[in-house]
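Visitor: After the structure tokens below, expect a handful of questions from me.
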Amino acid sequence: MSTWDTPQRIWLTGATSGIGEALARRLLSEGHRVVLSARRQEKLEALSQGHDNATALALDVSDHDAVQAAGRRIEAELGGLDLALLNAGTCEYLDARDFDMALVERVFTANLYGTLYCVETALPLLRAARADGRPARLAATSSASAYLALPRAEAYGASKAAISYFLESLRLDLSSEDIGVSVIHPGFVKTPMTEHNDFPMPMQVSTEQAVAAILDGLHKGRRDIHFPQRFTYIVKLLGILPPALRFAIGKRMVREGRA
């Protein structure tokens with residue numbers, strides 16, 4: 001997105017918790033027209049209260065038909081989108097000793113397919129913005145885990161890596177339409193979801209710090225928005241090491257007697 005001089009028309013998913021909630025509050029306070037989506041209507045209404053520039057649109061992103069219906073409502077209300085900010089997702093960790101395919105399917109459905117359902121719905125709305133001469137950008141939240149395979153992250157990390165690859169490929173195909181694509185790769189952020197993690201989370205940042213990094217990256221049109229950079233550059237470096245060395249380092253992260 002090359003300029004934010006005028007209020008943007010934004011669709012934000014995963015808007016009622018963690019990074020999404022902090023993004024919602026910041027974007028609304030800046031005066032943007034924001035469609036807020038999450039599963040629970042009551043939380044959306046509470047978040048929207050007092051903001052004429054907010055639209056509460058309850059949505060389960062894993063429901064393809066519901067996502068398409070949401071797109072029709074956004075088109076009716078806004079006419080198009082300047083920014084689709086797809087942040088909805090979940091995290092569950094796999095125990096390889098008790099392989100749980102249902103867990104894998106849940107994570108992929110929410111993280112990958114839910115994101116792609118929203119991409120499909122957002123693209124015509126972003127094209128409408130371009131037709132009006134406005135900048136348009138598609139952004140989605142992946143994870144720093146997409147850079148490096150980690151223990152117990154088979155489902156979560158793979159779903160996020162798939163998002164990163166898909167959007168980086170899509171960026172190439174959308175370049176001729178001048179629709180920007182940003183992939184967001186957070187490190188550890190203090191949110192209700194990460195509070196359940198039972199392992200060290202080095203260089204963890206607050207949701208406010210995460211929002212500042214994301215919005216700065218969107219303002220500047222960055223393709224890869226990753227933070228905190230002192231952490232993500234280390235993870236990127238580890239991810240390009242020779243496989244044997246990556247394996248040796250990864251094994252040190254596996255806890256004794258547990259995958």
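Identifiers in the structure tokens: chain A, B, ... in order shown; residue index from 1 per chain; ligand index from 1 in order shown.
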Which residues, written as a PyMOL selection string, have at least one atom at most 9 Å from stretch 74-89 of chain A, with only C-alpha atoms counted and residues fewer than 2 positions away on the same chain left out?
Guide: chain A and resi 1+8-15+19-20+33+35+37-38+61+69-72+91+107+110-112+114-115+118-119+122-130+134-142
Visitor: Selection from above, N, CA and C atoms, as a compact mmCIF listing (two decimals), in the first residue's frame, can you write it?
Guide:
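The new file out-v8.txt reads:
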```
# COMPACT_ATOMS: atom_id res chain seq x y z
N MET A 1 0.86 -1.18 0.00
CA MET A 1 0.00 0.00 0.00
C MET A 1 0.89 1.23 0.00
N GLN A 8 -8.60 4.08 4.56
CA GLN A 8 -8.60 2.85 3.79
C GLN A 8 -9.85 2.02 4.08
N ARG A 9 -10.27 1.25 3.08
CA ARG A 9 -11.34 0.27 3.26
C ARG A 9 -10.65 -1.06 3.54
N ILE A 10 -10.83 -1.58 4.75
CA ILE A 10 -10.04 -2.71 5.22
C ILE A 10 -10.95 -3.83 5.71
N TRP A 11 -10.60 -5.05 5.35
CA TRP A 11 -11.24 -6.24 5.92
C TRP A 11 -10.20 -6.93 6.78
N LEU A 12 -10.50 -7.05 8.08
CA LEU A 12 -9.59 -7.67 9.04
C LEU A 12 -10.25 -8.91 9.62
N THR A 13 -9.63 -10.07 9.43
CA THR A 13 -10.15 -11.30 10.04
C THR A 13 -9.35 -11.62 11.30
N GLY A 14 -9.95 -12.44 12.16
CA GLY A 14 -9.32 -12.74 13.44
C GLY A 14 -9.21 -11.51 14.31
N ALA A 15 -10.30 -10.72 14.33
CA ALA A 15 -10.21 -9.35 14.87
C ALA A 15 -10.47 -9.22 16.37
N ILE A 19 -3.18 -10.27 18.28
CA ILE A 19 -2.73 -9.28 17.30
C ILE A 19 -3.91 -8.67 16.57
N GLY A 20 -4.90 -9.49 16.23
CA GLY A 20 -6.06 -8.98 15.49
C GLY A 20 -6.82 -7.91 16.25
N ARG A 33 -12.08 2.68 7.47
CA ARG A 33 -13.35 1.96 7.41
C ARG A 33 -13.02 0.48 7.48
N VAL A 35 -14.02 -3.52 8.24
CA VAL A 35 -14.92 -4.65 8.44
C VAL A 35 -14.19 -5.65 9.33
N SER A 37 -13.98 -9.16 11.28
CA SER A 37 -14.52 -10.51 11.24
C SER A 37 -13.85 -11.39 12.29
N ALA A 38 -14.69 -12.18 12.95
CA ALA A 38 -14.27 -13.21 13.88
C ALA A 38 -15.51 -14.08 14.10
N VAL A 61 -14.03 -18.51 9.13
CA VAL A 61 -13.33 -18.50 7.85
C VAL A 61 -13.20 -19.89 7.24
N ALA A 69 -20.37 -15.26 1.20
CA ALA A 69 -21.46 -14.36 1.58
C ALA A 69 -20.92 -13.09 2.22
N ALA A 70 -19.86 -13.22 3.02
CA ALA A 70 -19.24 -12.05 3.62
C ALA A 70 -18.70 -11.11 2.55
N GLY A 71 -18.13 -11.69 1.50
CA GLY A 71 -17.62 -10.87 0.40
C GLY A 71 -18.72 -10.07 -0.27
N ARG A 72 -19.88 -10.68 -0.44
CA ARG A 72 -21.00 -9.97 -1.06
C ARG A 72 -21.46 -8.82 -0.18
N CYS A 91 -3.61 -22.55 16.55
CA CYS A 91 -2.36 -23.26 16.80
C CYS A 91 -2.63 -24.47 17.69
N VAL A 107 -6.09 -27.75 12.00
CA VAL A 107 -5.13 -26.65 11.85
C VAL A 107 -5.05 -26.20 10.40
N ALA A 110 -8.32 -24.25 9.37
CA ALA A 110 -8.40 -22.88 9.90
C ALA A 110 -7.32 -21.99 9.30
N ASN A 111 -6.09 -22.49 9.28
CA ASN A 111 -4.97 -21.62 8.89
C ASN A 111 -4.82 -21.47 7.38
N LEU A 112 -4.80 -22.58 6.67
CA LEU A 112 -4.54 -22.52 5.23
C LEU A 112 -5.82 -22.31 4.44
N GLY A 114 -8.87 -21.62 5.39
CA GLY A 114 -9.60 -20.42 5.81
C GLY A 114 -9.01 -19.16 5.21
N THR A 115 -7.68 -19.08 5.20
CA THR A 115 -7.02 -17.92 4.59
C THR A 115 -7.29 -17.87 3.09
N CYS A 118 -10.66 -16.68 2.05
CA CYS A 118 -10.73 -15.22 2.14
C CYS A 118 -9.98 -14.55 1.00
N VAL A 119 -8.87 -15.14 0.58
CA VAL A 119 -8.15 -14.60 -0.59
C VAL A 119 -9.06 -14.61 -1.81
N ALA A 122 -11.57 -11.89 -1.45
CA ALA A 122 -11.04 -10.53 -1.41
C ALA A 122 -10.55 -10.04 -2.77
N LEU A 123 -10.07 -10.94 -3.61
CA LEU A 123 -9.44 -10.50 -4.86
C LEU A 123 -10.35 -9.64 -5.74
N PRO A 124 -11.62 -10.00 -5.97
CA PRO A 124 -12.46 -9.11 -6.79
C PRO A 124 -12.66 -7.74 -6.15
N LEU A 125 -12.66 -7.69 -4.82
CA LEU A 125 -12.83 -6.42 -4.11
C LEU A 125 -11.57 -5.56 -4.21
N LEU A 126 -10.42 -6.19 -4.21
CA LEU A 126 -9.16 -5.47 -4.40
C LEU A 126 -9.06 -4.97 -5.84
N ARG A 127 -9.52 -5.78 -6.77
CA ARG A 127 -9.51 -5.35 -8.18
C ARG A 127 -10.44 -4.15 -8.39
N ALA A 128 -11.53 -4.10 -7.64
CA ALA A 128 -12.42 -2.95 -7.73
C ALA A 128 -11.72 -1.68 -7.28
N ALA A 129 -10.89 -1.78 -6.24
CA ALA A 129 -10.11 -0.62 -5.80
C ALA A 129 -9.13 -0.17 -6.88
N ARG A 130 -8.46 -1.13 -7.51
CA ARG A 130 -7.52 -0.76 -8.57
C ARG A 130 -8.25 -0.10 -9.74
N ARG A 134 -7.16 3.28 -6.95
CA ARG A 134 -6.66 3.25 -5.57
C ARG A 134 -5.66 2.11 -5.43
N PRO A 135 -4.68 2.26 -4.54
CA PRO A 135 -3.76 1.14 -4.28
C PRO A 135 -4.51 0.00 -3.60
N ALA A 136 -4.06 -1.21 -3.83
CA ALA A 136 -4.71 -2.38 -3.24
C ALA A 136 -3.63 -3.35 -2.77
N ARG A 137 -3.87 -3.93 -1.59
CA ARG A 137 -2.89 -4.86 -1.02
C ARG A 137 -3.58 -6.00 -0.30
N LEU A 138 -3.05 -7.18 -0.52
CA LEU A 138 -3.46 -8.39 0.17
C LEU A 138 -2.37 -8.76 1.16
N ALA A 139 -2.76 -8.97 2.42
CA ALA A 139 -1.78 -9.34 3.44
C ALA A 139 -2.35 -10.47 4.29
N ALA A 140 -1.48 -11.39 4.69
CA ALA A 140 -1.93 -12.51 5.52
C ALA A 140 -0.85 -12.84 6.54
N THR A 141 -1.30 -13.33 7.68
CA THR A 141 -0.39 -13.68 8.76
C THR A 141 0.07 -15.12 8.63
N SER A 142 1.36 -15.30 8.43
CA SER A 142 2.00 -16.60 8.48
C SER A 142 2.67 -16.72 9.85
```
Visitor: For stretch 101-104 of chain A, work out the shell of residues within 10 Å, counting only C-alpha atoms and skipping chain neighbours fewer than 5 positions away, then give it as an mmCIF file with N, CA and C atoms, in the first residue's frame.
Guide:
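Wrote it out as around.cif, contents follow:
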```cif
data_model
loop_
_atom_site.group_PDB
_atom_site.id
_atom_site.type_symbol
_atom_site.label_atom_id
_atom_site.label_comp_id
_atom_site.auth_asym_id
_atom_site.auth_seq_id
_atom_site.Cartn_x
_atom_site.Cartn_y
_atom_site.Cartn_z
ATOM 1 N N CYS A 91 -3.615 -22.552 16.555
ATOM 2 C CA CYS A 91 -2.360 -23.262 16.796
ATOM 3 C C CYS A 91 -2.633 -24.468 17.690
ATOM 4 N N GLU A 92 -2.225 -25.637 17.210
ATOM 5 C CA GLU A 92 -2.223 -26.858 18.016
ATOM 6 C C GLU A 92 -0.931 -27.593 17.715
ATOM 7 N N TYR A 93 -0.378 -28.220 18.749
ATOM 8 C CA TYR A 93 0.889 -28.927 18.584
ATOM 9 C C TYR A 93 0.659 -30.437 18.540
ATOM 10 N N LEU A 94 1.423 -31.100 17.708
ATOM 11 C CA LEU A 94 1.260 -32.530 17.457
ATOM 12 C C LEU A 94 2.244 -33.341 18.296
ATOM 13 N N THR A 109 -7.345 -26.556 8.080
ATOM 14 C CA THR A 109 -8.618 -25.953 7.678
ATOM 15 C C THR A 109 -8.696 -24.506 8.133
ATOM 16 N N GLU A 154 4.559 -29.715 13.350
ATOM 17 C CA GLU A 154 4.295 -30.305 12.038
ATOM 18 C C GLU A 154 3.051 -29.690 11.388
ATOM 19 N N ALA A 155 1.963 -29.611 12.124
ATOM 20 C CA ALA A 155 0.709 -29.099 11.555
ATOM 21 C C ALA A 155 0.733 -27.576 11.466
ATOM 22 N N TYR A 156 1.058 -26.924 12.567
ATOM 23 C CA TYR A 156 1.046 -25.462 12.595
ATOM 24 C C TYR A 156 2.066 -24.882 11.621
ATOM 25 N N ALA A 158 3.662 -26.269 9.091
ATOM 26 C CA ALA A 158 3.421 -26.602 7.691
ATOM 27 C C ALA A 158 2.278 -25.778 7.112
ATOM 28 N N SER A 159 1.233 -25.544 7.913
ATOM 29 C CA SER A 159 0.119 -24.729 7.420
ATOM 30 C C SER A 159 0.561 -23.295 7.166
#
```
Visitor: What is the atom CA of A:Gly217 to atom CA of A:Arg39 distance in Å?
Guide: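 Distance between the two atoms: 26.9 Å.
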Visitor: How close does stretch 70-119 of chain A get to stretch 240-257 of chain A? List, as a Markdown table, each residue of stretch 70-119 of chain A within 12 Å, its nearest atom pair and the distance in Å to one decimal, counting only C-alpha atoms.
Guide:
```
| residue | atom | partner | partner_atom | distance |
| --- | --- | --- | --- | --- |
| A:Asp95 | CA | A:Gly257 | CA | 11.2 |
| A:Ala96 | CA | A:Val254 | CA | 11.5 |
| A:Arg97 | CA | A:Gly257 | CA | 10.2 |
```
Visitor: Just asking: which residues within stretch 13-252 of chain A are strand (DSSP E or B) according to DSSP, as a VMD selection string?
Guide: chain A and resid 13 33 to 38 54 to 58 83 to 86 136 to 141 179 to 186 189 205 224 to 227
Visitor: Could you write out the selected residues, including C-alpha atoms, as a compact mmCIF listing (two decimals), in the first residue's frame?
Guide:
```txt
# COMPACT_ATOMS: atom_id res chain seq x y z
CA THR A 13 -10.15 -11.30 10.04
CA ARG A 33 -13.35 1.96 7.41
CA VAL A 34 -12.86 -1.50 8.86
CA VAL A 35 -14.92 -4.65 8.44
CA LEU A 36 -14.12 -6.75 11.50
CA SER A 37 -14.52 -10.51 11.24
CA ALA A 38 -14.27 -13.21 13.88
CA ALA A 54 -16.59 -0.29 12.08
CA THR A 55 -18.71 -3.08 10.64
CA ALA A 56 -19.07 -6.23 12.74
CA LEU A 57 -19.29 -9.25 10.45
CA ALA A 58 -19.30 -12.56 12.32
CA LEU A 83 -6.54 -3.81 2.09
CA ALA A 84 -7.47 -7.38 2.95
CA LEU A 85 -5.67 -8.20 6.20
CA LEU A 86 -6.19 -11.91 6.83
CA ALA A 136 -4.71 -2.38 -3.24
CA ARG A 137 -2.89 -4.86 -1.02
CA LEU A 138 -3.46 -8.39 0.17
CA ALA A 139 -1.78 -9.34 3.44
CA ALA A 140 -1.93 -12.51 5.52
CA THR A 141 -0.39 -13.68 8.76
CA ILE A 179 -2.03 -5.60 -6.41
CA GLY A 180 0.58 -5.83 -3.66
CA VAL A 181 0.99 -8.94 -1.50
CA SER A 182 2.53 -8.92 1.97
CA VAL A 183 3.23 -11.97 4.10
CA ILE A 184 3.49 -11.36 7.84
CA HIS A 185 5.91 -13.59 9.78
CA PRO A 186 5.66 -12.85 13.52
CA VAL A 189 3.94 -12.32 20.52
CA VAL A 205 7.06 -8.87 21.96
CA ASP A 224 7.96 -9.82 3.95
CA ILE A 225 6.95 -8.24 7.26
CA HIS A 226 8.86 -10.11 9.98
CA PHE A 227 9.48 -9.21 13.61
```
Visitor: Which neighbours of A:Val235 fall inside 7 Å, counting only C-alpha atoms, when residues of the same chain fewer than 3 positions from it are skipped, and could you give them as JSON, numbers by chain?
Guide: {"A": [147, 148, 231, 232, 238, 239]}
Visitor: So the first atom is atom CA of A:Ile234 and the second is atom CA of A:Val211; what is the distance between them in Å, to one decimal place?
Guide: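 A separation of 21.2 Å between them.
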Visitor: Expressed in Å to a single decimal, how great is the separation between atom CA of A:Ser169 and atom CA of A:Leu23?
Guide: 26.0 Å
Visitor: Among stretch 2-236 of chain A, which ones does DSSP place in helix (DSSP H, G or I), written as a PyMOL selection string?
Guide: chain A and resi 18-29+41-48+64-78+96-98+101-131+144-147+154-177+194-196+207-219+229-236
Visitor: For A:Ser17, which of A:Arg106, A:Arg73, A:His51, A:Lys190 is the closest residue, counting only C-alpha atoms?
Guide: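 Residue with the minimum atom-to-atom distance to A:Ser17: A:Lys190.
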